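Worksheet for the structure shown next.
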Amino acid sequence: MRKKLLIVSALTVLAATSSLAQKINGAGATFPYPIYSKWFSEYSAAHQGIQINYQSIGSGGGIRQVSVGTVDFGASDGPMSDAQLAESKVKLVHIPTVVGAVVPIYNLPGVGQGLKFAPDVLADIYLGKISNWSDARIAKDNSGVKLPNQEIFVVHRSDGSGTTYIFTDYLSKVSNDWKGGPGKGTAVNWPKGIGGKGNEAIAGMVRQMPGAMGYVELIYALQNKIPYGAVRNVSGNWVSGSIEGVTQAAASVKSMPADYRVSITNAPGKDSYPISSFTWLLIPVKAQDGSKGKVIKEFLQWMLDHGQSEAAALYYAPLPKEVANKVRGTVAGLQ
Amino acid sequence: MVLVKIKLQEAGVAGQSGSPSRGRTRSGVDSQPEPSLVRKFLLSRGSSAFADRTFRGLMLLCAFSIFGIVALIATELVLRSQMSINKFGMAFFFRQIWDPVSGDFGALPFIYGTLASSFLALLIAVPLAIGLAIFLTEMCPRFLRSPLAFITELLAAIPSVVYGLWAIFVLVPILREHVNPVLAKTLGWTGLFSGPNFGIGMLAAGVILAIMILPIISSLTREVMTSVPHTQREAVLALGATRWEMIRMGVLRNARIGIVGSIILGLGRALGETMAVTMVIGNRPEIAKSLFAPGYSMAAVIASEFTEASDDLYLSALMEIGLALFIVTIVVNALARLLVWAVTRGTPARIN
């Protein structure tokens, strides 16, 4: 009898909470997943009855799912194309959340952190035009560094990824040969090198093979203490990937477009790190379910007021002040 | 010997089923007043015709669900890859380009990579697995038998992503530093072991697949070999055969259907393996003669690129790769069936 009572009361409690709980589902980019999951769990803890589920299924999947309305919001590392926006059944806005960077990593015994890569050199290494570490064009920028006479083992991501998008977007901007050849995308037709699945595989391959070179997210290089190179920015300064450099790049956007679809690779500014990018949440302008729309709106406001300060602890750069203020205005206009 | 005696006795009992001695025991049982529980149940339940028919229908449904599932997969794959089929036609399966940015796709390097890595794996795993099975069933001292068998079966239980990680951090460095240089020096002239040595590449994929399918092939082969009647072995030995001749004529000859079957199962796993392969094959859609060169497989490209494939043609091309994998698996399995059929056609006891 007592057992039955217990079950009944448990069920009523369950029913009561589930009717109160507001479940929001999102899906998309893997790159910002660590910070998103921290935000969502903190927000749920602070706001009783609200639960935000985020599945990091990849930017492509995020765009597809939010476009047909199977999830309440999406997330992407690359902005949606005009064609994708036109095709989408749901009218969407891009909301930038944090800024990330991609760094070139390498394994050269005897050579430490901070090898310098000129933009054209970086492109030509990945195009296969520079195939040896002792090449005069690499040596020119790195006087004083003893570069071995060794073949460059080029490593790239084999899985479609936002990291590849940012990297190839940059290469397309600094090299006409790259722009006319492989181009930019989450996966491209690589002229050279071997592919590894995920950041771990890239890091694993580069660490093992002397003479290897690859690219990973800044967070990954920092957390795993992999030596990474400096890149020359538009102003001619050599800049290593860092939160400050990334923030500078984000702040360099003088006229932020109203839809925030802006590439900040090769950004101007004295200290800007050139291989940086925003990552975006894709939010329906008008939510199908008004109460869900209200929750998402409140979350975005919380993200701008409180969430941003937590980004740096996870090696993401927060939005520059001006951008954050502009985003606040956009969020206020959501229905 | 004991086993043979028991077998003989069983055969004797079966052979005498109509004899008077057996009749007497039967009547002895019948005269007991209390029928057995099974008999009581069977008597109490009435006619079974309806239940039998229902059961038969149900089982038929189960069997036909397989057709349903296969048909569903095939139609779904064809429908979803419609866009790519319309654009590239049959040429899709013979083209060597994979360019997601400009939307130009072809499946040949992936088909080649899947087949090449799988057959390489068979080439390494089959002799090893059969040798292991022969040792375990015919020559292994008793105390070693169960630990060896246990460890082989343990290999089959390891998840493939663990194999992949192990391959990246252990196998690939070993290949790069110790095995590949030797291969290049001794067999480099064939062209199969030349070019830059990354460690990662087709050879690494073949080796890791071989390790993964080894336990499947060896444990099934062992199973089949154990089921060969002892009388066969004893008969061959009695005729004056050496141990090896006994294994060849008495055991392998009889077990060959089962062995081919186990190889087919191993091949099936190798064709579809995704995670471990994608971690070591180098993921480069290219057909190279050298086994040191990187390649790509069908399962690997689907797993790698599906999540981020945002435009429709790209997605459709990946679906068509899935269709290609489906077709390749069916063709390879059909060929394997033909092989089994060809092997089993002959009379079982021939020596050559």
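Letters for chains follow the order of the structure tokens (A, B, ...), residue numbers begin at 1 for each chain, and ligand numbers begin at 1 in the order shown.
Interface residues on chain B toward chain A (cut-off 6 Å, only C-alpha atoms): Asp99, Pro100, Val101, Gly282, Asn283, Arg284, Ser304, Glu305, Thr307, Glu308, Ala309 and Ser310 of chain B.
Around Trp280 (chain A), within 10 Å and counting only C-alpha atoms, the residues found are Gly28, Ala29, Pro32, Ser59, Gly74, Ala75, Ser76, Asp77, Gly78, Pro79, Met80, Val93, His94, Ile95, Pro96, Thr97, Val98, Val99, Tyr260 and Arg261 of chain A, once anything fewer than 5 positions away on its own chain is removed.
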If DSSP is run on the backbone, what residues of region 97-183 of chain A are strand (DSSP E)? A reply as a PyMOL selection string would be ideal.
chain A and resi 97-106+116-117+153-157
Only C-alpha atoms, please: the residues just picked out, written as a tab-separated table (two decimals), in the first residue's frame.
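Here's the written file part_3.tsv:
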```tsv
chain	number	residue	atom	x	y	z
A	97	THR	CA	28.53	33.98	-29.49
A	98	VAL	CA	32.30	33.66	-29.13
A	99	VAL	CA	35.39	34.00	-31.29
A	100	GLY	CA	37.85	31.22	-32.03
A	101	ALA	CA	41.14	30.82	-33.86
A	102	VAL	CA	43.00	28.20	-35.83
A	103	VAL	CA	46.77	27.83	-35.48
A	104	PRO	CA	49.38	26.07	-37.61
A	105	ILE	CA	51.15	23.36	-35.61
A	106	TYR	CA	54.34	21.52	-36.48
A	116	LYS	CA	56.92	32.23	-38.51
A	117	PHE	CA	54.66	31.49	-41.46
A	153	PHE	CA	54.38	16.00	-44.11
A	154	VAL	CA	51.21	17.95	-44.62
A	155	VAL	CA	48.28	16.90	-42.40
A	156	HIS	CA	44.70	18.18	-42.70
A	157	ARG	CA	41.27	17.35	-41.31
```
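Remark: for Val71 (chain A), the closest of the candidate residues A:Thr330, A:Asn53, A:Ser143, A:Asn224 is A:Asn53 (distances computed over only C-alpha atoms).
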Can you tell me, as an mmCIF file with C-alpha atoms, in the first residue's frame, which residues in region 34-231 of chain A count as helix (DSSP H, G or I) by DSSP?
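What landed in out-v3.cif:
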```cif
data_model
loop_
_atom_site.group_PDB
_atom_site.id
_atom_site.type_symbol
_atom_site.label_atom_id
_atom_site.label_comp_id
_atom_site.auth_asym_id
_atom_site.auth_seq_id
_atom_site.Cartn_x
_atom_site.Cartn_y
_atom_site.Cartn_z
ATOM 1 C CA PRO A 34 32.519 22.990 -24.552
ATOM 2 C CA ILE A 35 31.383 26.560 -23.850
ATOM 3 C CA TYR A 36 27.812 25.933 -25.013
ATOM 4 C CA SER A 37 27.380 22.934 -22.753
ATOM 5 C CA LYS A 38 28.735 24.935 -19.816
ATOM 6 C CA TRP A 39 26.354 27.796 -20.566
ATOM 7 C CA PHE A 40 23.322 25.583 -20.991
ATOM 8 C CA SER A 41 23.899 23.577 -17.836
ATOM 9 C CA GLU A 42 24.533 26.709 -15.792
ATOM 10 C CA TYR A 43 21.482 28.403 -17.205
ATOM 11 C CA SER A 44 19.312 25.385 -16.443
ATOM 12 C CA ALA A 45 20.640 25.253 -12.900
ATOM 13 C CA ALA A 46 19.888 28.924 -12.333
ATOM 14 C CA SER A 59 27.451 22.706 -38.472
ATOM 15 C CA GLY A 60 25.978 21.121 -41.602
ATOM 16 C CA GLY A 61 23.520 19.084 -39.565
ATOM 17 C CA GLY A 62 22.676 22.098 -37.406
ATOM 18 C CA ILE A 63 21.842 24.215 -40.445
ATOM 19 C CA ARG A 64 19.704 21.447 -41.973
ATOM 20 C CA GLN A 65 17.756 20.740 -38.809
ATOM 21 C CA VAL A 66 16.993 24.322 -37.860
ATOM 22 C CA SER A 67 16.051 25.092 -41.487
ATOM 23 C CA VAL A 68 13.260 22.541 -41.430
ATOM 24 C CA ASP A 82 22.435 33.144 -49.284
ATOM 25 C CA ALA A 83 21.098 30.038 -51.010
ATOM 26 C CA GLN A 84 20.777 28.201 -47.705
ATOM 27 C CA LEU A 85 18.964 31.145 -46.120
ATOM 28 C CA ALA A 86 16.606 31.354 -49.076
ATOM 29 C CA GLU A 87 15.872 27.620 -48.892
ATOM 30 C CA PRO A 119 50.500 33.887 -45.528
ATOM 31 C CA ASP A 120 51.727 32.935 -49.001
ATOM 32 C CA VAL A 121 54.113 30.360 -47.514
ATOM 33 C CA LEU A 122 51.283 28.740 -45.568
ATOM 34 C CA ALA A 123 49.155 28.515 -48.724
ATOM 35 C CA ASP A 124 52.022 27.164 -50.818
ATOM 36 C CA ILE A 125 52.864 24.487 -48.233
ATOM 37 C CA TYR A 126 49.275 23.246 -48.434
ATOM 38 C CA LEU A 127 49.301 23.577 -52.230
ATOM 39 C CA ALA A 136 64.389 29.530 -48.871
ATOM 40 C CA ARG A 137 60.966 31.133 -48.412
ATOM 41 C CA ILE A 138 60.502 29.607 -44.958
ATOM 42 C CA ALA A 139 64.112 30.372 -44.006
ATOM 43 C CA LYS A 140 63.743 34.017 -45.075
ATOM 44 C CA ASP A 141 61.219 34.737 -42.302
ATOM 45 C CA GLY A 162 34.414 24.421 -38.916
ATOM 46 C CA THR A 163 38.146 24.444 -38.285
ATOM 47 C CA THR A 164 38.782 23.555 -41.922
ATOM 48 C CA TYR A 165 36.286 26.201 -42.995
ATOM 49 C CA ILE A 166 38.139 28.935 -41.089
ATOM 50 C CA PHE A 167 41.550 27.766 -42.311
ATOM 51 C CA THR A 168 40.576 27.475 -45.979
ATOM 52 C CA ASP A 169 38.646 30.758 -45.806
ATOM 53 C CA TYR A 170 41.903 32.390 -44.722
ATOM 54 C CA LEU A 171 43.987 30.660 -47.409
ATOM 55 C CA SER A 172 41.458 31.738 -50.051
ATOM 56 C CA LYS A 173 41.916 35.333 -48.982
ATOM 57 C CA VAL A 174 45.710 35.337 -49.035
ATOM 58 C CA ASN A 176 44.767 33.441 -55.508
ATOM 59 C CA ASP A 177 45.980 29.955 -56.374
ATOM 60 C CA TRP A 178 44.133 28.579 -53.373
ATOM 61 C CA LYS A 179 41.011 30.556 -54.180
ATOM 62 C CA GLY A 180 41.026 29.300 -57.758
ATOM 63 C CA GLY A 198 39.254 15.204 -35.597
ATOM 64 C CA ASN A 199 41.669 17.434 -33.704
ATOM 65 C CA GLU A 200 43.033 14.440 -31.778
ATOM 66 C CA ALA A 201 44.128 12.629 -34.933
ATOM 67 C CA ILE A 202 45.790 15.748 -36.362
ATOM 68 C CA ALA A 203 47.635 16.373 -33.122
ATOM 69 C CA GLY A 204 48.563 12.692 -32.840
ATOM 70 C CA MET A 205 49.969 12.542 -36.354
ATOM 71 C CA VAL A 206 51.881 15.797 -36.050
ATOM 72 C CA ARG A 207 53.368 14.811 -32.702
ATOM 73 C CA GLN A 208 54.590 11.484 -33.991
ATOM 74 C CA LEU A 218 43.825 27.370 -30.652
ATOM 75 C CA ILE A 219 42.156 25.803 -27.613
ATOM 76 C CA TYR A 220 43.435 22.415 -28.611
ATOM 77 C CA ALA A 221 47.032 23.559 -29.126
ATOM 78 C CA LEU A 222 47.045 25.452 -25.811
ATOM 79 C CA GLN A 223 45.512 22.677 -23.739
#
```
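Pairwise distance (CA of Phe193 (chain B), CA of Ala288 (chain B)) equals 10.8 Å.
Close contacts of Val111 (chain A), defined as residues with an atom at most 9 Å away when counting only C-alpha atoms, with chain neighbours fewer than 5 positions off set aside, comprise Val145, Lys146, Leu147 and Pro227 of chain A.
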Write a file of the just-selected residues containing C-alpha atoms, as a CSV table (one decimal), in the first residue's frame.
```
chain,number,residue,atom,x,y,z
A,145,VAL,CA,66.3,29.1,-36.7
A,146,LYS,CA,68.0,26.0,-37.9
A,147,LEU,CA,65.6,24.4,-40.3
A,227,PRO,CA,54.1,24.2,-30.5
```
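Atom pair CA of Val285 (chain A) / CA of Gln51 (chain A) has a distance of 20.6 Å (rounded to one decimal).
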Show me, as a PDB file with C-alpha atoms, in the first residue's frame, the residues that have an atom within 8 Å of Asn180 (chain B) when counting only C-alpha atoms, minus same-chain residues fewer than 4 positions from it.
```pdb
ATOM      1  CA  LEU B 175      55.359   0.319 -39.261  1.00  0.00           C
ATOM      2  CA  ARG B 176      57.053   3.617 -40.030  1.00  0.00           C
ATOM      3  CA  ALA B 184      61.062  -0.762 -49.035  1.00  0.00           C
ATOM      4  CA  PHE B 193      56.400  -0.536 -51.160  1.00  0.00           C
ATOM      5  CA  ASN B 197      56.787   6.523 -45.752  1.00  0.00           C
ATOM      6  CA  GLY B 199      53.424   4.993 -41.561  1.00  0.00           C
ATOM      7  CA  PHE B 292      52.617   3.204 -48.281  1.00  0.00           C
TER       8      PHE B 292
END
```
Just the residues within 6 Å of region 107-115 of chain B, please, counting only C-alpha atoms, with nothing from its chain fewer than 3 positions along; format it as a ChimeraX atom specification.
/B:92-96,118,285-287,295-298
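The space between CA of Ala267 (chain A) and CA of Ala249 (chain A) spans 5.5 Å.
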